[in-house]
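To be precise, the following lines are input.csv, and they hold CSV, C-alpha atoms.
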chain,number,residue,atom,x,y,z
A,1,MET,CA,80.6,34.2,104.5
A,2,ARG,CA,81.6,30.8,103.3
A,3,GLU,CA,79.6,29.2,106.1
A,4,LEU,CA,76.5,31.2,105.3
A,5,VAL,CA,76.8,30.2,101.6
A,6,ARG,CA,77.2,26.6,102.6
A,7,ARG,CA,74.2,26.8,105.0
A,8,ILE,CA,71.9,28.4,102.3
A,9,ASP,CA,72.9,25.8,99.7
A,10,ALA,CA,72.4,22.9,102.1
A,11,ALA,CA,69.1,24.2,103.3
A,12,THR,CA,67.6,24.5,99.8
A,13,PRO,CA,65.2,21.7,98.9
A,14,PRO,CA,66.4,19.8,95.8
A,15,GLU,CA,63.0,20.3,94.1
A,16,ARG,CA,63.2,24.1,94.4
A,17,ASP,CA,63.5,25.9,91.1
A,18,ARG,CA,66.4,28.3,91.7
A,19,ALA,CA,65.9,29.9,88.3
A,20,ALA,CA,62.4,31.2,89.3
A,21,ASP,CA,63.9,32.9,92.3
A,22,ALA,CA,66.6,34.4,90.2
A,23,LEU,CA,63.9,35.8,87.8
A,24,ARG,CA,62.1,37.4,90.7
A,25,ALA,CA,65.2,39.0,92.0
A,26,LEU,CA,66.1,40.3,88.6
A,27,ALA,CA,62.6,41.7,88.2
A,28,ILE,CA,62.8,43.6,91.5
A,29,LEU,CA,66.3,44.9,90.9
A,30,GLY,CA,65.2,46.0,87.4
A,31,VAL,CA,62.4,48.1,88.8
A,32,VAL,CA,64.8,49.7,91.4
A,33,LEU,CA,67.4,50.6,88.9
A,34,GLY,CA,64.8,51.8,86.4
A,35,HIS,CA,63.3,54.2,89.0
A,36,TRP,CA,66.7,55.5,90.0
A,37,LEU,CA,67.6,56.2,86.4
A,38,VAL,CA,64.4,57.8,85.1
A,39,THR,CA,63.3,59.7,88.2
A,40,ALA,CA,64.8,63.1,89.0
A,41,LEU,CA,64.1,65.4,91.9
A,42,ILE,CA,64.7,69.0,90.9
A,43,ALA,CA,65.3,71.6,93.5
A,44,ASP,CA,64.3,75.1,92.3
A,45,THR,CA,62.1,78.0,93.3
A,46,GLY,CA,62.0,76.8,96.9
A,47,THR,CA,60.3,73.5,96.0
A,48,VAL,CA,61.3,70.0,95.1
A,49,ARG,CA,59.5,68.4,92.1
A,50,ALA,CA,59.8,65.2,90.1
A,51,ALA,CA,60.9,65.0,86.5
A,52,SER,CA,61.9,62.4,84.0
A,53,PRO,CA,64.9,62.3,81.7
A,54,LEU,CA,62.7,60.5,79.2
A,55,GLN,CA,60.8,63.8,78.7
A,56,HIS,CA,63.9,65.7,77.6
A,57,MET,CA,65.9,62.8,76.1
A,58,PRO,CA,63.6,60.4,74.2
A,59,GLU,CA,66.7,58.6,72.9
A,60,LEU,CA,66.9,57.1,76.4
A,61,THR,CA,63.6,55.2,75.7
A,62,PRO,CA,65.4,51.8,75.5
A,63,VAL,CA,66.2,52.1,79.2
A,64,SER,CA,62.5,51.6,79.8
A,65,TRP,CA,62.7,48.4,77.8
A,66,LEU,CA,65.4,47.0,80.0
A,67,PHE,CA,64.2,48.0,83.4
A,68,GLN,CA,60.4,47.8,83.2
A,69,THR,CA,60.3,44.2,84.4
A,70,LEU,CA,56.9,44.0,86.1
A,71,ALA,CA,55.6,41.3,83.7
A,72,VAL,CA,58.4,39.0,84.8
A,73,PHE,CA,57.5,39.6,88.5
A,74,PHE,CA,53.8,38.7,87.8
A,75,LEU,CA,54.9,35.7,85.8
A,76,VAL,CA,57.0,34.3,88.7
A,77,GLY,CA,54.3,35.4,91.2
A,78,GLY,CA,51.7,33.4,89.3
A,79,GLN,CA,53.9,30.4,89.1
A,80,MET,CA,54.8,30.5,92.8
A,81,ALA,CA,51.3,31.3,94.0
A,82,ALA,CA,49.8,28.4,92.0
A,83,LYS,CA,52.4,26.0,93.3
A,84,SER,CA,52.0,27.2,96.8
A,85,TYR,CA,48.3,26.9,96.8
A,86,ALA,CA,48.4,23.4,95.4
A,87,SER,CA,50.9,22.4,98.0
A,88,ALA,CA,48.8,24.0,100.8
A,89,ARG,CA,45.7,22.0,99.6
A,90,ALA,CA,47.7,18.8,99.6
A,91,ARG,CA,48.7,19.5,103.3
A,92,GLY,CA,45.1,20.2,104.3
A,93,THR,CA,45.7,23.9,104.7
A,94,THR,CA,42.5,26.0,104.2
A,95,TYR,CA,42.3,28.8,101.6
A,96,GLY,CA,42.0,31.4,104.4
A,97,GLN,CA,45.1,30.1,106.2
A,98,TRP,CA,47.1,30.1,103.0
A,99,LEU,CA,46.0,33.5,101.9
A,100,GLY,CA,46.5,35.0,105.4
A,101,ALA,CA,50.1,33.8,105.6
A,102,ARG,CA,50.9,35.3,102.1
A,103,MET,CA,49.2,38.6,102.8
A,104,LEU,CA,51.0,38.9,106.2
A,105,ARG,CA,54.4,38.9,104.6
A,106,LEU,CA,53.3,41.4,102.0
A,107,PHE,CA,51.6,43.9,104.2
A,108,ARG,CA,53.8,43.9,107.3
A,109,PRO,CA,56.6,45.8,105.5
A,110,VAL,CA,54.1,48.0,103.7
A,111,ALA,CA,52.7,49.1,107.1
A,112,ALA,CA,56.2,50.1,108.2
A,113,VAL,CA,56.6,52.3,105.2
A,114,LEU,CA,53.3,54.0,105.7
A,115,VAL,CA,53.9,54.7,109.4
A,116,VAL,CA,57.4,56.1,108.8
A,117,TRP,CA,56.2,58.3,105.9
A,118,THR,CA,53.2,59.6,107.8
A,119,VAL,CA,55.6,60.8,110.5
A,120,ILE,CA,58.0,62.3,107.9
A,121,ALA,CA,55.2,64.1,106.0
A,122,GLY,CA,53.7,65.5,109.2
A,123,THR,CA,57.2,66.7,110.3
A,124,LEU,CA,57.9,68.4,107.0
A,125,LEU,CA,54.5,70.2,107.0
A,126,ALA,CA,55.0,71.3,110.6
A,127,ALA,CA,58.5,72.6,109.6
A,128,GLY,CA,56.9,74.8,106.9
A,129,VAL,CA,57.8,72.7,103.9
A,130,GLY,CA,55.4,73.5,101.0
A,131,THR,CA,52.6,71.1,100.2
A,132,GLU,CA,53.9,70.8,96.6
A,133,THR,CA,57.2,69.4,97.8
A,134,VAL,CA,55.6,67.0,100.3
A,135,HIS,CA,53.1,65.8,97.6
A,136,ALA,CA,56.0,65.1,95.2
A,137,LEU,CA,57.9,63.1,97.8
A,138,LEU,CA,54.8,61.1,98.9
A,139,LYS,CA,53.9,60.4,95.3
A,140,LEU,CA,57.3,58.8,94.7
A,141,VAL,CA,57.0,56.7,97.8
A,142,LEU,CA,53.4,55.6,97.4
A,143,SER,CA,52.9,55.3,93.6
A,144,PRO,CA,54.9,52.0,93.4
A,145,LEU,CA,52.5,50.5,95.9
A,146,TRP,CA,49.8,50.2,93.2
A,147,PHE,CA,51.4,47.1,91.8
A,148,LEU,CA,51.3,45.5,95.3
A,149,LEU,CA,47.6,46.1,95.4
A,150,VAL,CA,47.1,44.4,92.0
A,151,PHE,CA,49.4,41.5,93.0
A,152,THR,CA,47.4,41.1,96.3
A,153,ALA,CA,44.2,40.9,94.3
A,154,LEU,CA,45.5,38.4,91.9
A,155,THR,CA,47.0,36.3,94.7
A,156,ALA,CA,43.6,36.3,96.4
A,157,VAL,CA,41.9,34.9,93.3
A,158,THR,CA,44.6,32.3,92.5
A,159,PRO,CA,42.2,29.4,93.0
A,160,LEU,CA,39.9,30.9,90.4
A,161,VAL,CA,42.4,32.0,87.8
A,162,SER,CA,45.1,29.3,88.1
A,163,ARG,CA,43.6,27.4,85.1
A,164,LEU,CA,42.5,30.5,83.1
A,165,HIS,CA,44.2,30.6,79.7
A,166,PRO,CA,46.2,33.9,79.3
A,167,LEU,CA,44.4,34.5,76.0
A,168,TRP,CA,41.2,35.4,77.8
A,169,PRO,CA,42.5,38.4,79.7
A,170,LEU,CA,44.6,39.4,76.7
A,171,ALA,CA,41.4,39.5,74.7
A,172,VAL,CA,39.9,41.8,77.3
A,173,VAL,CA,42.9,44.2,77.0
A,174,LEU,CA,42.6,44.2,73.2
A,175,HIS,CA,38.9,45.1,73.3
A,176,VAL,CA,39.3,47.7,76.0
A,177,ASP,CA,42.0,49.5,73.9
A,178,LEU,CA,40.0,49.1,70.7
A,179,ILE,CA,37.0,50.8,72.3
A,180,ARG,CA,38.9,53.6,74.1
A,181,PHE,CA,41.4,54.4,71.4
A,182,GLY,CA,39.8,53.2,68.2
A,183,LEU,CA,36.1,54.0,68.8
A,184,GLY,CA,36.5,57.0,71.1
A,185,GLY,CA,35.2,55.3,74.2
A,186,PRO,CA,35.5,56.7,77.7
A,187,ALA,CA,39.0,56.8,79.2
A,188,TRP,CA,37.9,55.2,82.5
A,189,LEU,CA,37.5,51.9,80.6
A,190,GLY,CA,41.3,51.7,80.6
A,191,TRP,CA,41.3,50.9,84.3
A,192,ILE,CA,39.9,47.4,83.5
A,193,ASN,CA,43.3,46.7,82.1
A,194,VAL,CA,44.9,47.1,85.5
A,195,ALA,CA,43.5,43.7,86.4
A,196,ALA,CA,43.3,42.2,82.9
A,197,GLY,CA,46.7,43.3,81.8
A,198,TRP,CA,48.7,41.9,84.7
A,199,LEU,CA,46.5,38.8,84.7
A,200,VAL,CA,48.0,37.8,81.4
A,201,PRO,CA,51.6,37.1,82.8
A,202,TYR,CA,50.1,35.9,86.1
A,203,CYS,CA,48.0,33.2,84.3
A,204,LEU,CA,51.1,32.4,82.2
A,205,GLY,CA,52.9,31.8,85.4
A,206,ALA,CA,50.1,29.5,86.7
A,207,THR,CA,50.4,27.6,83.4
A,208,TRP,CA,54.1,27.2,84.1
A,209,ALA,CA,53.3,25.8,87.5
A,210,ARG,CA,51.2,23.1,85.8
A,211,GLY,CA,54.0,22.1,83.6
A,212,GLY,CA,53.5,24.5,80.7
A,213,LEU,CA,56.2,26.6,79.1
A,214,HIS,CA,58.3,23.5,79.1
A,215,SER,CA,59.8,24.0,75.7
A,216,ARG,CA,62.3,26.6,74.4
A,217,ALA,CA,60.1,26.9,71.3
A,218,THR,CA,57.3,28.4,73.5
A,219,GLY,CA,59.8,30.9,74.9
A,220,TRP,CA,61.0,31.9,71.4
A,221,ALA,CA,57.3,32.2,70.2
A,222,LEU,CA,56.4,34.5,73.1
A,223,LEU,CA,59.6,36.6,72.6
A,224,LEU,CA,59.3,37.0,68.8
A,225,VAL,CA,55.6,37.4,68.5
A,226,GLY,CA,55.3,39.7,71.5
A,227,ALA,CA,58.2,41.9,70.3
A,228,ALA,CA,56.8,42.0,66.7
A,229,VAL,CA,53.3,43.0,67.9
A,230,THR,CA,54.7,45.6,70.3
A,231,ALA,CA,56.8,47.1,67.5
A,232,GLY,CA,53.7,47.2,65.2
A,233,LEU,CA,51.6,48.9,67.8
A,234,VAL,CA,54.3,51.6,68.4
A,235,LEU,CA,55.0,52.2,64.7
A,236,TRP,CA,51.5,52.1,63.3
A,237,ALA,CA,48.9,52.3,66.1
A,238,GLY,CA,50.2,55.4,67.9
A,239,TYR,CA,51.3,53.7,71.2
A,240,PRO,CA,54.3,55.4,72.9
A,241,ALA,CA,57.6,53.6,72.6
A,242,SER,CA,58.4,54.1,76.3
A,243,MET,CA,57.2,51.3,78.5
A,244,VAL,CA,57.0,53.6,81.5
A,245,GLY,CA,55.0,56.8,81.9
A,246,VAL,CA,56.6,60.0,80.5
A,247,PRO,CA,55.3,63.4,81.8
A,248,GLY,CA,53.4,65.3,79.2
A,249,SER,CA,52.7,62.2,77.0
A,250,ARG,CA,49.1,61.8,75.8
A,251,ILE,CA,49.2,58.1,76.5
A,252,SER,CA,51.0,56.1,79.2
A,253,ASN,CA,51.7,52.5,78.6
A,254,LEU,CA,51.5,51.8,82.3
A,255,ASP,CA,48.9,54.2,83.7
A,256,PRO,CA,46.7,52.2,83.0
A,257,PRO,CA,48.4,49.3,81.1
A,258,THR,CA,47.9,49.3,77.4
A,259,LEU,CA,47.9,46.5,74.8
A,260,ALA,CA,51.5,47.5,73.9
A,261,ALA,CA,52.6,47.0,77.6
A,262,VAL,CA,50.9,43.6,77.7
A,263,THR,CA,52.4,42.3,74.5
A,264,PHE,CA,55.8,43.7,75.5
A,265,GLY,CA,55.3,41.8,78.8
A,266,LEU,CA,54.7,38.6,76.8
A,267,ALA,CA,58.0,39.2,75.0
A,268,GLN,CA,59.7,39.6,78.4
A,269,CYS,CA,58.0,36.3,79.6
A,270,GLY,CA,59.4,34.6,76.5
A,271,ALA,CA,62.9,35.9,77.3
A,272,ALA,CA,62.5,34.8,80.9
A,273,ARG,CA,61.6,31.3,79.7
A,274,LEU,CA,64.7,31.2,77.5
A,275,LEU,CA,66.9,32.2,80.5
A,276,LEU,CA,65.8,29.4,82.7
A,277,GLY,CA,68.4,26.9,81.4
A,278,PRO,CA,71.4,29.2,81.7
A,279,LEU,CA,70.2,30.5,85.1
A,280,ARG,CA,69.9,26.9,86.5
A,281,ARG,CA,73.4,26.1,85.4
A,282,VAL,CA,74.8,29.3,87.0
A,283,LEU,CA,72.9,28.8,90.2
A,284,ARG,CA,74.4,25.4,90.8
A,285,ARG,CA,77.3,27.4,92.2
A,286,PRO,CA,76.5,27.9,95.9
A,287,ALA,CA,77.8,31.5,96.0
A,288,ALA,CA,75.6,32.6,93.1
A,289,TRP,CA,72.5,30.9,94.6
A,290,ALA,CA,73.3,32.5,98.0
A,291,ALA,CA,73.2,35.9,96.5
A,292,VAL,CA,69.8,35.3,94.8
A,293,ALA,CA,68.4,33.8,98.0
A,294,LEU,CA,69.5,36.8,100.1
A,295,VAL,CA,67.9,39.2,97.6
A,296,ASN,CA,64.6,37.2,97.7
A,297,LEU,CA,64.7,37.2,101.5
A,298,SER,CA,64.3,41.0,101.5
A,299,ALA,CA,62.7,41.6,98.0
A,300,MET,CA,59.8,43.7,99.4
A,301,THR,CA,62.1,45.7,101.7
A,302,VAL,CA,64.3,46.6,98.8
A,303,PHE,CA,61.3,47.5,96.6
A,304,LEU,CA,59.5,49.5,99.3
A,305,TRP,CA,62.5,51.6,100.4
A,306,HIS,CA,64.4,52.2,97.2
A,307,GLN,CA,62.7,55.5,96.5
A,308,THR,CA,63.2,56.6,100.1
A,309,ALA,CA,67.0,55.8,99.7
A,310,MET,CA,67.2,58.0,96.6
A,311,MET,CA,65.3,60.9,98.3
A,312,ALA,CA,67.6,60.6,101.4
A,313,VAL,CA,70.7,61.1,99.3
A,314,THR,CA,69.0,64.0,97.4
A,315,ALA,CA,68.1,65.7,100.7
A,316,ILE,CA,71.6,65.3,102.1
A,317,GLY,CA,72.9,66.7,98.9
A,318,LEU,CA,71.0,69.9,99.5
A,319,LEU,CA,73.3,70.6,102.4
A,320,ALA,CA,76.0,71.5,99.8
A,321,GLY,CA,74.1,74.7,99.3
A,322,GLU,CA,73.9,74.4,95.5
A,323,ALA,CA,72.2,72.1,93.0
A,324,LEU,CA,74.4,69.0,92.4
A,325,PRO,CA,74.5,67.6,88.8
A,326,GLY,CA,72.5,64.4,88.4
A,327,LEU,CA,70.8,64.9,91.8
A,328,HIS,CA,69.0,68.3,91.8
A,329,THR,CA,69.4,69.5,88.2
A,330,VAL,CA,67.0,69.2,85.2
A,331,PRO,CA,67.6,65.9,83.4
A,332,ARG,CA,68.1,67.3,79.9
A,333,ASP,CA,71.5,66.2,78.6
A,334,SER,CA,74.1,63.4,78.6
A,335,GLY,CA,75.9,65.2,81.4
A,336,TRP,CA,73.0,64.5,83.7
A,337,VAL,CA,73.0,60.8,82.7
A,338,LEU,CA,76.7,60.4,83.5
A,339,ALA,CA,76.3,62.3,86.8
A,340,ARG,CA,73.2,60.1,87.8
A,341,LEU,CA,75.2,57.0,87.1
A,342,ALA,CA,77.9,58.2,89.5
A,343,TRP,CA,75.2,58.7,92.2
A,344,LEU,CA,73.9,55.1,92.0
A,345,PRO,CA,76.5,53.8,94.5
A,346,ALA,CA,75.3,56.4,97.0
A,347,PHE,CA,71.7,55.3,96.4
A,348,ALA,CA,72.7,51.7,97.0
A,349,VAL,CA,74.4,52.6,100.3
A,350,ALA,CA,71.4,54.5,101.5
A,351,LEU,CA,69.2,51.5,100.5
A,352,LEU,CA,71.5,49.2,102.5
A,353,VAL,CA,70.9,51.4,105.5
A,354,CYS,CA,67.1,51.2,105.0
A,355,TRP,CA,67.4,47.4,104.5
A,356,ALA,CA,69.3,47.0,107.8
A,357,ALA,CA,66.7,49.1,109.7
A,358,PHE,CA,63.5,47.6,108.2
A,359,ARG,CA,64.2,44.1,106.9
A,360,LYS,CA,62.8,42.6,110.2
A,361,TYR,CA,59.3,43.6,109.1
A,362,GLU,CA,59.5,41.4,106.1
A,363,GLU,CA,61.4,38.5,107.6
A,364,GLY,CA,59.1,38.5,110.6
A,365,ARG,CA,59.7,37.2,114.1
A,366,SER,CA,61.1,33.8,114.7
A,367,ARG,CA,61.1,31.7,117.9
A,368,ARG,CA,63.4,28.9,118.9
A,369,GLY,CA,62.0,25.6,119.9
A,370,LYS,CA,63.6,22.2,120.4
A,371,GLY,CA,66.9,23.2,118.7
A,372,ARG,CA,65.4,24.6,115.5
A,373,ILE,CA,64.1,27.9,114.1
A,374,VAL,CA,60.4,28.0,113.8
A,375,ARG,CA,58.7,30.7,111.7
A,376,GLU,CA,55.7,32.2,113.2
A,377,ASN,CA,52.5,32.7,111.2
A,378,ARG,CA,53.8,30.4,108.4
A,379,PRO,CA,54.1,26.6,108.2
A,380,THR,CA,57.7,26.0,107.1
A,381,ARG,CA,60.7,23.8,107.0
A,382,PRO,CA,63.3,24.5,109.7
A,383,SER,CA,65.9,26.4,107.6
A,384,VAL,CA,67.0,29.7,106.3
A,385,MET,CA,65.2,29.0,103.0
A,386,ASP,CA,61.9,29.2,104.8
A,387,ARG,CA,61.8,32.9,104.3
A,388,VAL,CA,62.8,33.0,100.6

Spell out the structure here as structure tokens.
Amino acid sequence: MRELVRRIDAATPPERDRAADALRALAILGVVLGHWLVTALIADTGTVRAASPLQHMPELTPVSWLFQTLAVFFLVGGQMAAKSYASARARGTTYGQWLGARMLRLFRPVAAVLVVWTVIAGTLLAAGVGTETVHALLKLVLSPLWFLLVFTALTAVTPLVSRLHPLWPLAVVLHVDLIRFGLGGPAWLGWINVAAGWLVPYCLGATWARGGLHSRATGWALLLVGAAVTAGLVLWAGYPASMVGVPGSRISNLDPPTLAAVTFGLAQCGAARLLLGPLRRVLRRPAAWAAVALVNLSAMTVFLWHQTAMMAVTAIGLLAGEALPGLHTVPRDSGWVLARLAWLPAFAVALLVCWAAFRKYEEGRSRRGKGRIVRENRPTRPSVMDRV
């Protein structure tokens, strides 16, 4: 282990911003933990259906503030894409080559998930499992993929939006919400915010890549103004307090994104900016940096398979012959919360098994040549950091 830590630290280019990698890892882990805490699979009446503890226990709403970290992911994604494209242009790499390399690493692990779950769904239906159960399981697996589609689209237009000021897409979100909520406009207008809403932190990340966000004052401004506006929208404009969807709610802050979700994301981006200094100090330690680097090596694998890991534990639990607290029961009281916390290590072990089986699709193939590891389909430095 010490040798691996030493190799990772030695292979990291001095100019690499380790704090940005740490923010991306925290964002992915936040989504994973959030899903595990606010998603329940209830086994009753011969079917399995999804439920949310937020529906029965609104006092858990702050959990969504901690673990809905998508804005931070788009912030870091915009920063890294803008820097990567500028570097590619400097090397003479064409736009098509640059985009193809980035898309390959995104969609290779997605293809693995789709193939595996096509087989699973077909097997379940052939075995007589009800369509309602299969639909509930597929929805849990496939619904998180929406953000990858948005991220892919934003990555593709990086050359066009890398210098776009974040206030422009923010203004679009504001006007869309004003029309659909304030003036009774059609609900379908909200889907414009799927692109505009996540374009706000993405463009903020591109600004960061150009040397913006350099002062802590900017971080404090984003945090305080974003939090104040979000609080005002929740208290006086009728937006829900939860930053994730809650079954039965009239409005979801994420489906599609609302102005409240975007301003909350700006507050998160401000907090992320304020964390950069402390993170850089911590990540000078080789062991801490190695942990972050290893998470980033398999970030998409962790994201794509975490729901499958939870469902695998839930399915195995059915062998007990009775509903297990925190796993199959209705999430309506503190007892469920405590039981669910106790199940988290089991989910983590199942995810580790999925990671071992499917990480190769994210890391890709490598070939040896002249004494060094050469990454296929991607121009790289000959080191373990090439895949981070």

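When only C-alpha atoms are used to measure the gap to Ile251 (chain A), the shortest distance among A:His306, A:Trp289, A:Gly190, A:His175 belongs to A:Gly190.
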
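The nearest approach to Pro169 (chain A) among the residues A:Leu66, A:Val262, A:Ala206, A:Ala86, with all atoms listed in the file taken into account, belongs to A:Val262.
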
Original post:
Skipping near chain neighbours, those fewer than 3 positions away, what residues fall within 8 Å of Ser298 (chain A) using all atoms listed in the file, listed as a ChimeraX atom specification?
Top reply: /A:294-295,301-302,355,359,362-363

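Between CA of Ala127 (chain A) and CA of Gln307 (chain A) lies a distance of 21.9 Å.
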
Original post:
Hey, which of A:Ser334, A:Gly182, A:Arg163, A:Leu4 ends up closest to Gly212 (chain A)? Count only C-alpha atoms.
Top reply: A:Arg163

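Shortest atom-to-atom contact with Lys360 (chain A) among A:Ala112, A:Leu178, A:Leu223, A:Ala153: A:Ala112, counting all atoms listed in the file.
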
**OP:** Name the closest residue to Leu344 (chain A) among the candidates A:Gly326, A:Gly226, A:Gly219, A:Gly238; distances are taken between atoms, counting all atoms listed in the file.
**Re:** A:Gly326

**OP:** Counting only C-alpha atoms, write as a ChimeraX atom specification all protein and nucleic acid residues lying at most 8 Å from (59.6, 64.1, 86.5) in the file's frame.
**Re:** /A:39-41,49-53,55,246-247

File for region 23-34 of chain A (N, CA, C and O atoms), as a JSON list (two decimals), in the first residue's frame:
[["chain", "number", "residue", "atom", "x", "y", "z"],
["A", 23, "LEU", "N", -12.88, 17.77, -4.89],
["A", 23, "LEU", "CA", -14.26, 18.24, -5.00],
["A", 23, "LEU", "C", -15.10, 17.30, -5.86],
["A", 23, "LEU", "O", -16.25, 17.02, -5.55],
["A", 24, "ARG", "N", -14.51, 16.83, -6.95],
["A", 24, "ARG", "CA", -15.25, 15.89, -7.81],
["A", 24, "ARG", "C", -15.54, 14.59, -7.07],
["A", 24, "ARG", "O", -16.66, 14.06, -7.14],
["A", 25, "ALA", "N", -14.56, 14.09, -6.32],
["A", 25, "ALA", "CA", -14.78, 12.86, -5.56],
["A", 25, "ALA", "C", -15.86, 13.07, -4.50],
["A", 25, "ALA", "O", -16.74, 12.21, -4.31],
["A", 26, "LEU", "N", -15.83, 14.20, -3.81],
["A", 26, "LEU", "CA", -16.84, 14.49, -2.79],
["A", 26, "LEU", "C", -18.23, 14.61, -3.42],
["A", 26, "LEU", "O", -19.23, 14.18, -2.82],
["A", 27, "ALA", "N", -18.30, 15.20, -4.61],
["A", 27, "ALA", "CA", -19.59, 15.35, -5.28],
["A", 27, "ALA", "C", -20.19, 13.99, -5.63],
["A", 27, "ALA", "O", -21.38, 13.74, -5.41],
["A", 28, "ILE", "N", -19.38, 13.09, -6.17],
["A", 28, "ILE", "CA", -19.86, 11.76, -6.52],
["A", 28, "ILE", "C", -20.28, 10.99, -5.28],
["A", 28, "ILE", "O", -21.36, 10.38, -5.22],
["A", 29, "LEU", "N", -19.46, 11.03, -4.23],
["A", 29, "LEU", "CA", -19.79, 10.31, -3.00],
["A", 29, "LEU", "C", -21.02, 10.90, -2.33],
["A", 29, "LEU", "O", -21.81, 10.18, -1.71],
["A", 30, "GLY", "N", -21.21, 12.22, -2.47],
["A", 30, "GLY", "CA", -22.41, 12.84, -1.92],
["A", 30, "GLY", "C", -23.67, 12.32, -2.58],
["A", 30, "GLY", "O", -24.67, 12.03, -1.91],
["A", 31, "VAL", "N", -23.65, 12.19, -3.91],
["A", 31, "VAL", "CA", -24.81, 11.66, -4.63],
["A", 31, "VAL", "C", -25.08, 10.22, -4.22],
["A", 31, "VAL", "O", -26.23, 9.82, -4.00],
["A", 32, "VAL", "N", -24.02, 9.42, -4.11],
["A", 32, "VAL", "CA", -24.18, 8.01, -3.73],
["A", 32, "VAL", "C", -24.82, 7.89, -2.35],
["A", 32, "VAL", "O", -25.82, 7.18, -2.16],
["A", 33, "LEU", "N", -24.26, 8.58, -1.37],
["A", 33, "LEU", "CA", -24.82, 8.50, -0.01],
["A", 33, "LEU", "C", -26.23, 9.07, 0.04],
["A", 33, "LEU", "O", -27.10, 8.55, 0.75],
["A", 34, "GLY", "N", -26.47, 10.14, -0.71],
["A", 34, "GLY", "CA", -27.80, 10.71, -0.74],
["A", 34, "GLY", "C", -28.84, 9.73, -1.24],
["A", 34, "GLY", "O", -29.91, 9.57, -0.67]]
